[in-house]
file entry_21.csv (CSV, C-alpha atoms and all ligand atoms)
chain,number,residue,atom,x,y,z
A,1,MET,CA,112.7,-111.6,3.6
A,2,GLU,CA,109.8,-110.4,1.6
A,3,MET,CA,106.3,-111.5,2.4
A,4,THR,CA,104.4,-112.7,-0.6
A,5,LEU,CA,101.2,-114.6,-1.6
A,6,ARG,CA,100.8,-117.1,-4.4
A,7,TRP,CA,98.4,-115.9,-7.1
A,8,TYR,CA,97.2,-118.0,-10.1
A,9,GLY,CA,96.2,-115.2,-12.3
A,10,SER,CA,92.9,-113.4,-12.7
A,11,ARG,CA,91.3,-116.1,-14.9
A,12,PHE,CA,92.0,-118.8,-12.3
A,13,ASP,CA,92.2,-117.4,-8.9
A,14,THR,CA,89.2,-116.6,-6.6
A,15,VAL,CA,91.5,-114.1,-4.8
A,16,SER,CA,92.0,-110.6,-6.4
A,17,LEU,CA,95.2,-108.6,-6.5
A,18,LYS,CA,93.3,-105.9,-4.6
A,19,GLU,CA,92.7,-108.3,-1.8
A,20,ILE,CA,96.3,-109.4,-1.7
A,21,ARG,CA,97.4,-105.8,-1.7
A,22,GLN,CA,95.4,-105.2,1.5
A,23,ILE,CA,97.0,-107.9,3.5
A,24,PRO,CA,99.4,-105.9,5.7
A,25,GLY,CA,103.1,-106.5,4.8
A,26,VAL,CA,102.4,-108.4,1.6
A,27,THR,CA,104.3,-106.6,-1.2
A,28,GLY,CA,104.8,-109.2,-3.9
A,29,VAL,CA,103.1,-112.1,-5.6
A,30,ILE,CA,104.4,-115.5,-6.7
A,31,THR,CA,102.6,-116.3,-9.9
A,32,THR,CA,102.6,-118.3,-13.1
A,33,LEU,CA,101.0,-118.5,-16.5
A,34,TYR,CA,98.6,-121.2,-15.3
A,35,ASP,CA,97.3,-122.0,-18.7
A,36,THR,CA,100.6,-123.0,-20.2
A,37,SER,CA,101.6,-126.7,-20.5
A,38,PRO,CA,104.9,-128.1,-19.4
A,39,GLY,CA,107.3,-127.7,-22.3
A,40,GLU,CA,105.7,-124.6,-23.8
A,41,VAL,CA,107.7,-121.5,-24.3
A,42,TRP,CA,106.4,-118.5,-22.3
A,43,SER,CA,106.4,-115.5,-24.6
A,44,ARG,CA,107.8,-112.1,-23.6
A,45,GLU,CA,104.5,-110.5,-24.4
A,46,ARG,CA,102.6,-112.7,-22.0
A,47,ILE,CA,105.1,-112.2,-19.3
A,48,ARG,CA,105.1,-108.5,-19.8
A,49,ALA,CA,101.3,-108.4,-19.7
A,50,LEU,CA,101.2,-110.3,-16.4
A,51,LYS,CA,103.8,-108.0,-14.9
A,52,ARG,CA,101.9,-105.0,-15.9
A,53,GLU,CA,98.7,-106.2,-14.4
A,54,ILE,CA,100.4,-107.0,-11.1
A,55,GLU,CA,102.2,-103.7,-11.0
A,56,GLU,CA,99.0,-101.7,-11.8
A,57,ALA,CA,97.6,-103.3,-8.6
A,58,GLY,CA,100.5,-101.9,-6.5
A,59,LEU,CA,102.3,-105.2,-6.2
A,60,HIS,CA,105.2,-106.8,-8.1
A,61,ILE,CA,106.3,-110.3,-9.2
A,62,SER,CA,108.6,-111.7,-6.6
A,63,GLY,CA,109.0,-115.0,-8.4
A,64,ILE,CA,107.5,-117.7,-10.6
A,65,GLU,CA,105.8,-120.8,-9.2
A,66,SER,CA,106.0,-122.8,-11.3
A,67,VAL,CA,107.7,-123.2,-14.6
A,68,ASN,CA,106.8,-126.9,-14.9
A,69,VAL,CA,109.3,-129.4,-16.2
A,70,HIS,CA,108.2,-131.6,-19.1
A,71,ASP,CA,107.9,-135.3,-18.3
A,72,SER,CA,110.4,-136.1,-21.1
A,73,ILE,CA,113.1,-134.3,-19.1
A,74,LYS,CA,112.3,-136.2,-15.9
A,75,ILE,CA,112.2,-139.5,-17.8
A,76,GLY,CA,115.3,-138.7,-19.9
A,77,ASP,CA,113.4,-139.4,-23.1
A,78,LYS,CA,114.9,-138.9,-26.6
A,79,ASP,CA,113.1,-135.6,-27.1
A,80,ARG,CA,114.3,-134.0,-23.8
A,81,ASP,CA,116.7,-131.6,-25.5
A,82,LEU,CA,113.9,-130.0,-27.3
A,83,TYR,CA,112.0,-129.4,-24.1
A,84,ILE,CA,115.1,-128.2,-22.3
A,85,ASP,CA,115.6,-125.7,-25.1
A,86,HIS,CA,112.1,-124.5,-24.6
A,87,TYR,CA,112.7,-124.2,-20.9
A,88,ILE,CA,115.9,-122.1,-21.5
A,89,GLU,CA,113.9,-119.9,-23.9
A,90,THR,CA,111.3,-119.3,-21.1
A,91,LEU,CA,114.0,-118.5,-18.6
A,92,LYS,CA,115.6,-116.1,-21.0
A,93,ASN,CA,112.3,-114.3,-21.5
A,94,LEU,CA,111.7,-114.2,-17.8
A,95,GLY,CA,115.2,-112.8,-17.3
A,96,GLU,CA,114.6,-110.1,-19.9
A,97,GLU,CA,111.6,-109.1,-18.0
A,98,ASP,CA,113.7,-108.8,-14.8
A,99,ILE,CA,112.3,-111.9,-13.1
A,100,HIS,CA,115.0,-113.7,-11.1
A,101,LEU,CA,113.3,-116.5,-9.2
A,102,VAL,CA,111.8,-119.7,-10.5
A,103,CYS,CA,110.3,-122.5,-8.4
A,104,TYR,CA,109.8,-125.9,-10.0
A,105,ASN,CA,109.7,-129.5,-9.0
A,106,PHE,CA,111.1,-132.8,-10.2
A,107,MET,CA,108.3,-135.1,-9.0
A,108,PRO,CA,107.3,-137.9,-11.4
A,109,VAL,CA,103.7,-138.0,-12.5
A,110,PHE,CA,102.0,-136.3,-9.5
A,111,ASP,CA,102.8,-133.0,-7.9
A,112,TRP,CA,101.7,-133.0,-4.2
A,113,THR,CA,99.6,-136.0,-3.2
A,114,ARG,CA,96.7,-135.9,-0.6
A,115,THR,CA,94.0,-138.3,0.1
A,116,GLU,CA,91.4,-135.7,1.2
A,117,LEU,CA,91.0,-132.1,0.1
A,118,ALA,CA,88.4,-131.2,2.6
A,119,ARG,CA,88.9,-133.0,5.9
A,120,LYS,CA,86.9,-131.4,8.7
A,121,ARG,CA,88.8,-130.2,11.7
A,122,PRO,CA,87.3,-129.8,15.2
A,123,ASP,CA,86.8,-126.0,14.6
A,124,GLY,CA,84.7,-126.8,11.4
A,125,SER,CA,87.4,-125.6,9.0
A,126,THR,CA,88.4,-128.0,6.2
A,127,VAL,CA,91.9,-128.9,5.2
A,128,LEU,CA,94.0,-131.1,2.9
A,129,ALA,CA,95.0,-134.4,4.5
A,130,TYR,CA,97.0,-137.5,3.9
A,131,ASN,CA,96.5,-141.0,5.1
A,132,GLN,CA,98.9,-143.7,4.0
A,133,ALA,CA,96.4,-146.6,4.4
A,134,ALA,CA,94.1,-144.7,2.0
A,135,VAL,CA,96.8,-144.3,-0.5
A,136,ASP,CA,97.8,-148.0,-0.3
A,137,ALA,CA,94.1,-148.9,-1.0
A,138,LEU,CA,93.9,-146.8,-4.1
A,139,LYS,CA,95.1,-147.5,-7.7
A,140,PRO,CA,96.9,-144.4,-9.0
A,141,GLU,CA,94.4,-143.9,-11.8
A,142,ASP,CA,91.6,-143.6,-9.2
A,143,MET,CA,93.4,-141.1,-7.1
A,144,PHE,CA,92.2,-138.1,-9.1
A,145,ALA,CA,88.6,-139.2,-9.1
A,146,SER,CA,88.7,-139.8,-5.4
A,147,ILE,CA,89.8,-136.3,-4.5
A,148,SER,CA,88.5,-134.1,-7.4
A,149,LYS,CA,84.9,-133.9,-6.0
A,150,ASP,CA,86.3,-131.7,-3.3
A,151,SER,CA,88.3,-129.3,-5.5
A,152,ASN,CA,85.6,-126.6,-5.6
A,153,GLY,CA,85.7,-126.6,-9.3
A,154,ALA,CA,89.4,-125.5,-9.4
A,155,VAL,CA,92.0,-127.1,-11.6
A,156,LEU,CA,94.7,-128.3,-9.1
A,157,PRO,CA,98.3,-127.7,-9.9
A,158,GLY,CA,99.8,-130.9,-11.3
A,159,TRP,CA,96.4,-132.6,-11.4
A,160,GLU,CA,95.1,-131.2,-14.7
A,161,PRO,CA,92.4,-133.5,-16.1
A,162,GLU,CA,94.2,-133.9,-19.5
A,163,ARG,CA,97.2,-135.2,-17.6
A,164,MET,CA,95.2,-137.5,-15.5
A,165,GLU,CA,93.6,-139.1,-18.5
A,166,LYS,CA,97.0,-140.2,-19.6
A,167,ILE,CA,98.0,-141.5,-16.2
A,168,LYS,CA,98.5,-145.1,-17.2
A,169,GLU,CA,100.8,-144.1,-20.1
A,170,LEU,CA,102.7,-141.9,-17.7
A,171,PHE,CA,103.3,-144.7,-15.3
A,172,GLU,CA,104.5,-146.8,-18.2
A,173,ALA,CA,106.9,-144.1,-19.4
A,174,TYR,CA,108.4,-143.9,-15.9
A,175,LYS,CA,108.8,-147.6,-15.4
A,176,ASP,CA,112.6,-147.6,-15.9
A,177,VAL,CA,113.2,-144.5,-13.9
A,178,ASP,CA,114.6,-145.2,-10.5
A,179,GLU,CA,116.1,-142.7,-8.0
A,180,GLU,CA,119.5,-142.9,-9.6
A,181,LYS,CA,118.1,-142.2,-13.0
A,182,LEU,CA,116.0,-139.4,-11.8
A,183,PHE,CA,119.1,-137.8,-10.1
A,184,ALA,CA,121.0,-138.2,-13.4
A,185,ASN,CA,118.2,-136.6,-15.4
A,186,LEU,CA,118.0,-133.7,-13.0
A,187,LYS,CA,121.7,-133.2,-13.3
A,188,TYR,CA,121.5,-133.2,-17.0
A,189,PHE,CA,118.7,-130.6,-16.9
A,190,LEU,CA,120.5,-128.4,-14.4
A,191,GLU,CA,123.7,-128.4,-16.3
A,192,LYS,CA,122.0,-127.3,-19.4
A,193,ILE,CA,120.0,-124.4,-17.8
A,194,MET,CA,122.8,-123.0,-15.5
A,195,PRO,CA,124.4,-120.9,-18.2
A,196,VAL,CA,121.2,-118.9,-18.9
A,197,CYS,CA,120.5,-118.7,-15.1
A,198,ASN,CA,124.0,-117.2,-14.7
A,199,GLU,CA,123.5,-114.8,-17.5
A,200,TYR,CA,120.3,-113.5,-16.2
A,201,ASP,CA,120.8,-114.1,-12.5
A,202,ILE,CA,117.9,-116.5,-12.2
A,203,LYS,CA,117.7,-118.5,-9.0
A,204,MET,CA,116.2,-121.9,-9.5
A,205,ALA,CA,114.5,-123.1,-6.4
A,206,ILE,CA,113.5,-126.8,-6.5
A,207,HIS,CA,110.4,-127.6,-4.5
A,208,PRO,CA,110.5,-130.8,-2.4
A,209,ASP,CA,108.4,-133.8,-3.1
A,210,ASP,CA,105.2,-133.9,-1.1
A,211,PRO,CA,104.9,-136.1,0.8
A,212,ALA,CA,108.6,-136.6,1.1
A,213,TRP,CA,108.6,-140.3,0.3
A,214,SER,CA,107.8,-142.6,-2.6
A,215,VAL,CA,104.1,-142.9,-3.6
A,216,PHE,CA,102.8,-145.6,-5.8
A,217,GLY,CA,106.3,-146.9,-6.3
A,218,LEU,CA,107.5,-143.8,-8.1
A,219,PRO,CA,110.9,-142.5,-7.2
A,220,ARG,CA,111.1,-139.3,-5.1
A,221,ILE,CA,114.4,-137.6,-4.5
A,222,ILE,CA,113.9,-134.2,-3.1
A,223,ILE,CA,113.0,-135.4,0.3
A,224,ASN,CA,115.7,-134.9,2.9
A,225,LEU,CA,119.0,-133.1,3.6
A,226,PRO,CA,121.4,-135.7,2.2
A,227,ASN,CA,119.5,-135.7,-1.1
A,228,ILE,CA,119.3,-131.9,-1.3
A,229,LYS,CA,123.1,-131.7,-0.6
A,230,ARG,CA,123.7,-134.2,-3.4
A,231,MET,CA,121.5,-132.2,-5.7
A,232,MET,CA,123.3,-129.0,-5.0
A,233,SER,CA,126.8,-130.5,-5.2
A,234,MET,CA,126.2,-132.3,-8.5
A,235,VAL,CA,125.7,-128.9,-10.1
A,236,ASP,CA,127.5,-126.6,-7.7
A,237,ASP,CA,126.2,-123.1,-8.6
A,238,VAL,CA,124.4,-120.6,-6.3
A,239,HIS,CA,121.6,-120.5,-8.9
A,240,ASN,CA,120.9,-124.1,-8.2
A,241,GLY,CA,119.0,-123.8,-5.0
A,242,VAL,CA,115.9,-124.8,-3.1
A,243,THR,CA,112.4,-123.8,-2.1
A,244,PHE,CA,112.3,-124.6,1.6
A,245,CYS,CA,108.8,-125.9,2.0
A,246,ALA,CA,108.2,-126.6,5.7
A,247,GLY,CA,105.0,-128.5,5.1
A,248,SER,CA,106.5,-130.8,2.5
A,249,TYR,CA,109.8,-131.6,4.2
A,250,GLY,CA,107.9,-131.8,7.4
A,251,THR,CA,105.7,-134.7,6.2
A,252,ASN,CA,108.7,-136.9,7.2
A,253,ARG,CA,109.1,-136.5,10.9
A,254,ALA,CA,112.7,-137.5,10.7
A,255,ASN,CA,113.4,-134.2,8.9
A,256,ASP,CA,114.5,-131.6,11.5
A,257,LEU,CA,113.3,-128.4,9.8
A,258,PRO,CA,115.3,-125.7,11.6
A,259,LEU,CA,118.4,-127.8,11.3
A,260,MET,CA,117.8,-128.3,7.6
A,261,ILE,CA,117.4,-124.6,7.1
A,262,ARG,CA,120.6,-123.8,9.0
A,263,SER,CA,122.5,-126.3,6.8
A,264,LEU,CA,121.2,-124.7,3.6
A,265,LYS,CA,122.5,-121.2,4.2
A,266,GLY,CA,122.9,-119.3,0.9
A,267,ARG,CA,121.0,-121.8,-1.1
A,268,ILE,CA,117.4,-121.3,0.1
A,269,HIS,CA,116.0,-118.9,-2.5
A,270,PHE,CA,112.3,-119.1,-1.5
A,271,ALA,CA,110.4,-120.3,1.5
A,272,HIS,CA,107.0,-121.8,2.0
A,273,VAL,CA,106.1,-121.8,5.6
A,274,ARG,CA,103.1,-123.7,6.9
A,275,ASN,CA,102.2,-126.1,9.7
A,276,LEU,CA,101.0,-129.7,9.8
A,277,LYS,CA,99.1,-131.6,12.5
A,278,PHE,CA,100.1,-135.3,12.8
A,279,ASN,CA,97.6,-137.7,14.1
A,280,SER,CA,100.1,-140.6,13.7
A,281,ASP,CA,103.2,-141.1,11.6
A,282,ASP,CA,101.0,-142.2,8.7
A,283,ASP,CA,98.3,-139.6,8.9
A,284,PHE,CA,98.6,-135.9,8.9
A,285,GLU,CA,96.4,-132.9,8.1
A,286,GLU,CA,97.2,-129.3,7.3
A,287,ALA,CA,96.7,-126.9,10.2
A,288,ALA,CA,96.6,-123.2,10.8
A,289,HIS,CA,100.0,-121.6,10.6
A,290,LEU,CA,100.1,-121.0,14.4
A,291,SER,CA,102.5,-123.4,16.2
A,292,SER,CA,99.9,-124.5,18.8
A,293,ASP,CA,97.4,-125.6,16.1
A,294,GLY,CA,99.8,-128.1,14.6
A,295,SER,CA,103.0,-130.1,15.2
A,296,PHE,CA,105.8,-127.7,14.1
A,297,ASP,CA,107.5,-124.9,16.1
A,298,MET,CA,106.9,-122.1,13.7
A,299,TYR,CA,109.1,-119.7,15.8
A,300,GLU,CA,112.1,-122.0,15.4
A,301,ILE,CA,111.5,-122.2,11.7
A,302,MET,CA,111.4,-118.4,11.3
A,303,LYS,CA,114.3,-118.0,13.6
A,304,ALA,CA,116.4,-120.4,11.6
A,305,LEU,CA,115.6,-118.4,8.4
A,306,TYR,CA,116.5,-115.2,10.2
A,307,ASP,CA,119.7,-116.6,11.5
A,308,ILE,CA,120.9,-117.7,8.1
A,309,GLY,CA,120.2,-114.2,6.7
A,310,PHE,CA,117.4,-115.3,4.4
A,311,ASP,CA,116.4,-112.4,2.2
A,312,GLY,CA,114.2,-114.0,-0.4
A,313,PRO,CA,110.5,-114.2,-0.8
A,314,ILE,CA,108.5,-116.2,1.7
A,315,ARG,CA,104.9,-117.2,1.5
A,316,PRO,CA,102.3,-118.7,3.7
A,317,ASP,CA,101.4,-122.0,2.1
A,318,HIS,CA,98.2,-124.0,2.0
A,319,GLY,CA,95.6,-122.4,4.2
A,320,ARG,CA,92.5,-123.9,5.8
A,321,MET,CA,89.1,-123.2,4.2
A,322,ILE,CA,87.4,-121.0,6.8
A,323,TRP,CA,84.5,-118.5,7.1
A,324,ASP,CA,82.6,-120.3,4.3
A,325,GLU,CA,85.1,-119.3,1.6
A,326,VAL,CA,84.9,-121.3,-1.6
A,327,ALA,CA,88.3,-121.4,-3.3
A,328,MET,CA,90.9,-123.7,-4.6
A,329,PRO,CA,91.8,-126.1,-1.8
A,330,GLY,CA,94.7,-124.6,0.2
A,331,TYR,CA,94.5,-121.3,-1.7
A,332,GLY,CA,91.8,-119.3,-0.3
A,333,LEU,CA,92.3,-115.7,0.9
A,334,TYR,CA,91.4,-115.8,4.6
A,335,ASP,CA,93.6,-118.4,6.2
A,336,ARG,CA,96.6,-117.5,4.1
A,337,ALA,CA,96.1,-113.8,5.1
A,338,LEU,CA,96.1,-114.9,8.7
A,339,GLY,CA,99.2,-117.0,8.0
A,340,ALA,CA,101.0,-114.1,6.4
A,341,THR,CA,100.2,-111.8,9.3
A,342,TYR,CA,101.3,-114.4,11.9
A,343,LEU,CA,104.6,-115.0,10.1
A,344,ASN,CA,105.1,-111.3,9.8
A,345,GLY,CA,104.5,-111.0,13.6
A,346,LEU,CA,107.0,-113.7,14.4
A,347,TRP,CA,109.6,-112.0,12.1
A,348,GLU,CA,109.1,-108.6,13.6
A,349,ALA,CA,109.6,-110.0,17.1
A,350,ILE,CA,112.7,-111.9,16.0
A,351,VAL,CA,114.2,-108.9,14.3
A,352,LYS,CA,113.6,-106.6,17.3
A,353,ALA,CA,114.9,-109.2,19.8
A,354,ASN,CA,118.1,-109.4,17.8
A,355,ALA,CA,118.5,-105.6,17.3
B,1,LIG,C1,102.8,-126.2,-3.9
B,1,LIG,C2,103.4,-127.1,-5.0
B,1,LIG,O1,100.5,-126.3,-3.5
B,1,LIG,C3,101.6,-126.8,-3.3
B,1,LIG,O2,101.8,-127.8,-2.6
B,1,LIG,O3,103.7,-126.0,-2.9
B,1,LIG,O4,102.3,-127.5,-5.9
B,1,LIG,C4,104.5,-126.4,-5.7
B,1,LIG,O5,104.0,-125.2,-6.3
B,1,LIG,C5,105.1,-127.2,-6.9
B,1,LIG,O6,105.5,-128.4,-6.5
B,1,LIG,C6,106.3,-126.4,-7.4
B,1,LIG,O7,106.5,-126.8,-8.7
B,2,MN,MN,105.2,-125.8,-0.9
call {"tool": "encode", "arguments": {"input": "entry_21.csv", "output": "structure tokens", "more": "lines below"}}
Ligand code: CS2
Ligand code: MN
result
Amino acid sequence: MEMTLRWYGSRFDTVSLKEIRQIPGVTGVITTLYDTSPGEVWSRERIRALKREIEEAGLHISGIESVNVHDSIKIGDKDRDLYIDHYIETLKNLGEEDIHLVCYNFMPVFDWTRTELARKRPDGSTVLAYNQAAVDALKPEDMFASISKDSNGAVLPGWEPERMEKIKELFEAYKDVDEEKLFANLKYFLEKIMPVCNEYDIKMAIHPDDPAWSVFGLPRIIINLPNIKRMMSMVDDVHNGVTFCAGSYGTNRANDLPLMIRSLKGRIHFAHVRNLKFNSDDDFEEAAHLSSDGSFDMYEIMKALYDIGFDGPIRPDHGRMIWDEVAMPGYGLYDRALGATYLNGLWEAIVKANA
């Protein structure tokens, strides 16, 4: 595995490449062109400039998170082929620049959903949290307003204000899309992009829906092992793989994370490893990466990745906000650096114990 950190680019991130470079064992970044809209073609020039900036800081691009999928593709609208062509063009440009991993999601309307961005934990740190009763009491169009006050001024991925302004229209556009239709639209998209992925050896790594169940009546399909298996077998190609995000699959306590990892050998191209603390089945908050701070056994998760021979990039995921840092919720420097260091420690111990 390679330890990496997500970086939103110098115009958007409060964390610098220099700081990332100084986290022991972090050699790559997972990045994006954060100011592009879904459906836009990423030019080679811009990809090259991003690459250069990262390489000059002594790091390299380990993968892209995310190249977002236009809603027309998820809805199966009449203009989807145009946006698929754009997506293919972007993949080609990434391939030409020697980038071989793309994380994306197929969630309708919202990316991840949380009800609080700054819930206080007993140690005074703040974290993202989810409470089902709070979601049930909200209208989707009020969701953004209810959380955005805690965003520390950052634009949150998938929650761009321009998108949120159109939220009622978006819901309307998705009204006939049920799970079956979403699966069919995903299949259509994957079949069209696989040739370019094969040509350039680009591994597509779908990110799970977070939380891993339906919110506001929208269909959610990347939520458990049977559905991932269905997704992989409907377009059976090694380039059609997954991002194993422990914190997202782990929202559903029926998901046995180490077992899922073991069942996905060869198809996990990217891993997000983080911990959650459950207060009840309907309420969870994000925790420090350390096992004892949350509800997951992080050793077992890392051990499962080791046992399947996982050799892709891994990153700590959302961190707590600690030590008075002001950053995009989940994406500060300090707690993610602690997370990376902890995960590296677990990995070293596992490697040596198995030598
Ligand atoms: C990320 C997702 O911050 C997060 O929760 O893991 O936003 C992820 O980047 C996207 O769903 C992938 O497209
Ligand atoms: Mn994730």
call {"tool": "closest_atom_pairs", "arguments": {"input": "entry_21.csv", "of": "stretch 262-311 of chain A", "to": "stretch 48-64 of chain A", "cutoff": "12 Å", "atoms": "all atoms listed in the file", "output": "CSV"}}
result
residue,atom,partner,partner_atom,distance
A:His269,CA,A:Gly63,CA,10.0
A:Phe270,CA,A:Gly63,CA,8.7
A:Ala271,CA,A:Gly63,CA,11.3
A:Asp311,CA,A:Ser62,CA,11.8
call {"tool": "closest_atom_pairs", "arguments": {"input": "entry_21.csv", "of": "stretch 62-159 of chain A", "to": "stretch 168-189 of chain A", "cutoff": "8 Å", "atoms": "all atoms listed in the file", "output": "JSON lines"}}
result
{"residue": "A:Ile73", "atom": "CA", "partner": "A:Asn185", "partner_atom": "CA", "distance": 6.7}
{"residue": "A:Lys74", "atom": "CA", "partner": "A:Asn185", "partner_atom": "CA", "distance": 5.9}
{"residue": "A:Ile75", "atom": "CA", "partner": "A:Tyr174", "partner_atom": "CA", "distance": 6.1}
{"residue": "A:Gly76", "atom": "CA", "partner": "A:Asn185", "partner_atom": "CA", "distance": 5.8}
{"residue": "A:Ile84", "atom": "CA", "partner": "A:Phe189", "partner_atom": "CA", "distance": 6.9}
{"residue": "A:Phe106", "atom": "CA", "partner": "A:Leu186", "partner_atom": "CA", "distance": 7.5}
{"residue": "A:Pro108", "atom": "CA", "partner": "A:Tyr174", "partner_atom": "CA", "distance": 7.6}
{"residue": "A:Val109", "atom": "CA", "partner": "A:Leu170", "partner_atom": "CA", "distance": 6.6}
{"residue": "A:Glu141", "atom": "CA", "partner": "A:Lys168", "partner_atom": "CA", "distance": 6.9}
call {"tool": "residues_near_ligand", "arguments": {"input": "entry_21.csv", "ligand": "ligand MN 2 (chain B)", "cutoff": "8 Å", "atoms": "all atoms listed in the file", "output": "ChimeraX atom specification"}}
result
/A:207-208,243-248,271-273,317-318
call {"tool": "write_last_selection", "arguments": {"input": "entry_21.csv", "atoms": "C-alpha atoms", "output": "mmCIF file, in the coordinates of the input"}}
result
data_model
loop_
_atom_site.group_PDB
_atom_site.id
_atom_site.type_symbol
_atom_site.label_atom_id
_atom_site.label_comp_id
_atom_site.auth_asym_id
_atom_site.auth_seq_id
_atom_site.Cartn_x
_atom_site.Cartn_y
_atom_site.Cartn_z
ATOM 1 C CA HIS A 207 110.400 -127.600 -4.500
ATOM 2 C CA PRO A 208 110.500 -130.800 -2.400
ATOM 3 C CA THR A 243 112.400 -123.800 -2.100
ATOM 4 C CA PHE A 244 112.300 -124.600 1.600
ATOM 5 C CA CYS A 245 108.800 -125.900 2.000
ATOM 6 C CA ALA A 246 108.200 -126.600 5.700
ATOM 7 C CA GLY A 247 105.000 -128.500 5.100
ATOM 8 C CA SER A 248 106.500 -130.800 2.500
ATOM 9 C CA ALA A 271 110.400 -120.300 1.500
ATOM 10 C CA HIS A 272 107.000 -121.800 2.000
ATOM 11 C CA VAL A 273 106.100 -121.800 5.600
ATOM 12 C CA ASP A 317 101.400 -122.000 2.100
ATOM 13 C CA HIS A 318 98.200 -124.000 2.000
#
call {"tool": "residues_near_point", "arguments": {"input": "entry_21.csv", "point": "(107.4, -122.0, -17.1)", "cutoff": "12 Å", "atoms": "only C-alpha atoms", "output": "PyMOL selection string"}}
result
chain A and resi 31-44+46-47+63-70+83-84+86-94+99+101-105+204
call {"tool": "residues_around", "arguments": {"input": "entry_21.csv", "residues": "A:Asp13", "least_positions_apart": "4", "cutoff": "9 Å", "atoms": "all atoms listed in the file", "output": "VMD selection string"}}
result
chain A and resid 7 to 9 154 327 to 328 331 to 332
call {"tool": "write_last_selection", "arguments": {"input": "entry_21.csv", "atoms": "C-alpha atoms", "output": "PDB file, in the frame of the given file"}}
result
ATOM      1  CA  TRP A   7      98.400-115.900  -7.100  1.00  0.00           C
ATOM      2  CA  TYR A   8      97.200-118.000 -10.100  1.00  0.00           C
ATOM      3  CA  GLY A   9      96.200-115.200 -12.300  1.00  0.00           C
ATOM      4  CA  ALA A 154      89.400-125.500  -9.400  1.00  0.00           C
ATOM      5  CA  ALA A 327      88.300-121.400  -3.300  1.00  0.00           C
ATOM      6  CA  MET A 328      90.900-123.700  -4.600  1.00  0.00           C
ATOM      7  CA  TYR A 331      94.500-121.300  -1.700  1.00  0.00           C
ATOM      8  CA  GLY A 332      91.800-119.300  -0.300  1.00  0.00           C
TER       9      GLY A 332
END
call {"tool": "residues_around", "arguments": {"input": "entry_21.csv", "residues": "A:Thr251", "least_positions_apart": "6", "cutoff": "8 Å", "atoms": "all atoms listed in the file", "output": "CSV table (one decimal) with C-alpha atoms, in the coordinates of the input"}}
result
chain,number,residue,atom,x,y,z
A,210,ASP,CA,105.2,-133.9,-1.1
A,211,PRO,CA,104.9,-136.1,0.8
A,212,ALA,CA,108.6,-136.6,1.1
A,276,LEU,CA,101.0,-129.7,9.8
A,284,PHE,CA,98.6,-135.9,8.9
call {"tool": "closest_residue", "arguments": {"input": "entry_21.csv", "among": "A:Tyr334, A:Ile350, A:Pro226, A:Glu286", "to": "A:Arg121", "atoms": "only C-alpha atoms"}}
result
A:Glu286
call {"tool": "closest_residue", "arguments": {"input": "entry_21.csv", "among": "A:Thr4, A:Thr126, A:Gln22, A:Thr115", "to": "A:Glu325", "atoms": "all atoms listed in the file"}}
result
A:Thr126
call {"tool": "closest_residue", "arguments": {"input": "entry_21.csv", "among": "A:Met232, A:Leu305, A:Leu5, A:Met260", "to": "ligand LIG 1 (chain B)", "atoms": "only C-alpha atoms and all ligand atoms"}}
result
A:Leu5
call {"tool": "closest_residue", "arguments": {"input": "entry_21.csv", "among": "A:Leu290, A:Ile20, A:Val15, A:Ile314", "to": "ligand LIG 1 (chain B)", "atoms": "all atoms listed in the file"}}
result
A:Ile314
call {"tool": "atom_distance", "arguments": {"input": "entry_21.csv", "atom1": "atom O1 of ligand LIG 1 (chain B)", "atom2": "atom CA of A:Val326"}}
result
16.5 Å
call {"tool": "residues_near_point", "arguments": {"input": "entry_21.csv", "point": "(101.8, -127.2, 15.3)", "cutoff": "12 Å", "atoms": "all atoms listed in the file", "output": "PyMOL selection string"}}
result
chain A and resi 246-247+250+273-279+284-301
call {"tool": "atom_distance", "arguments": {"input": "entry_21.csv", "atom1": "atom CA of A:Leu225", "atom2": "atom CA of A:Asp77"}}
result
28.0 Å
call {"tool": "atom_distance", "arguments": {"input": "entry_21.csv", "atom1": "atom CA of A:Asp209", "atom2": "atom CA of A:Ile228"}}
result
11.2 Å
call {"tool": "residues_around", "arguments": {"input": "entry_21.csv", "residues": "A:Gly266", "least_positions_apart": "4", "cutoff": "8 Å", "atoms": "only C-alpha atoms", "output": "MDAnalysis selection string"}}
result
chainID A and resid 238 308 310
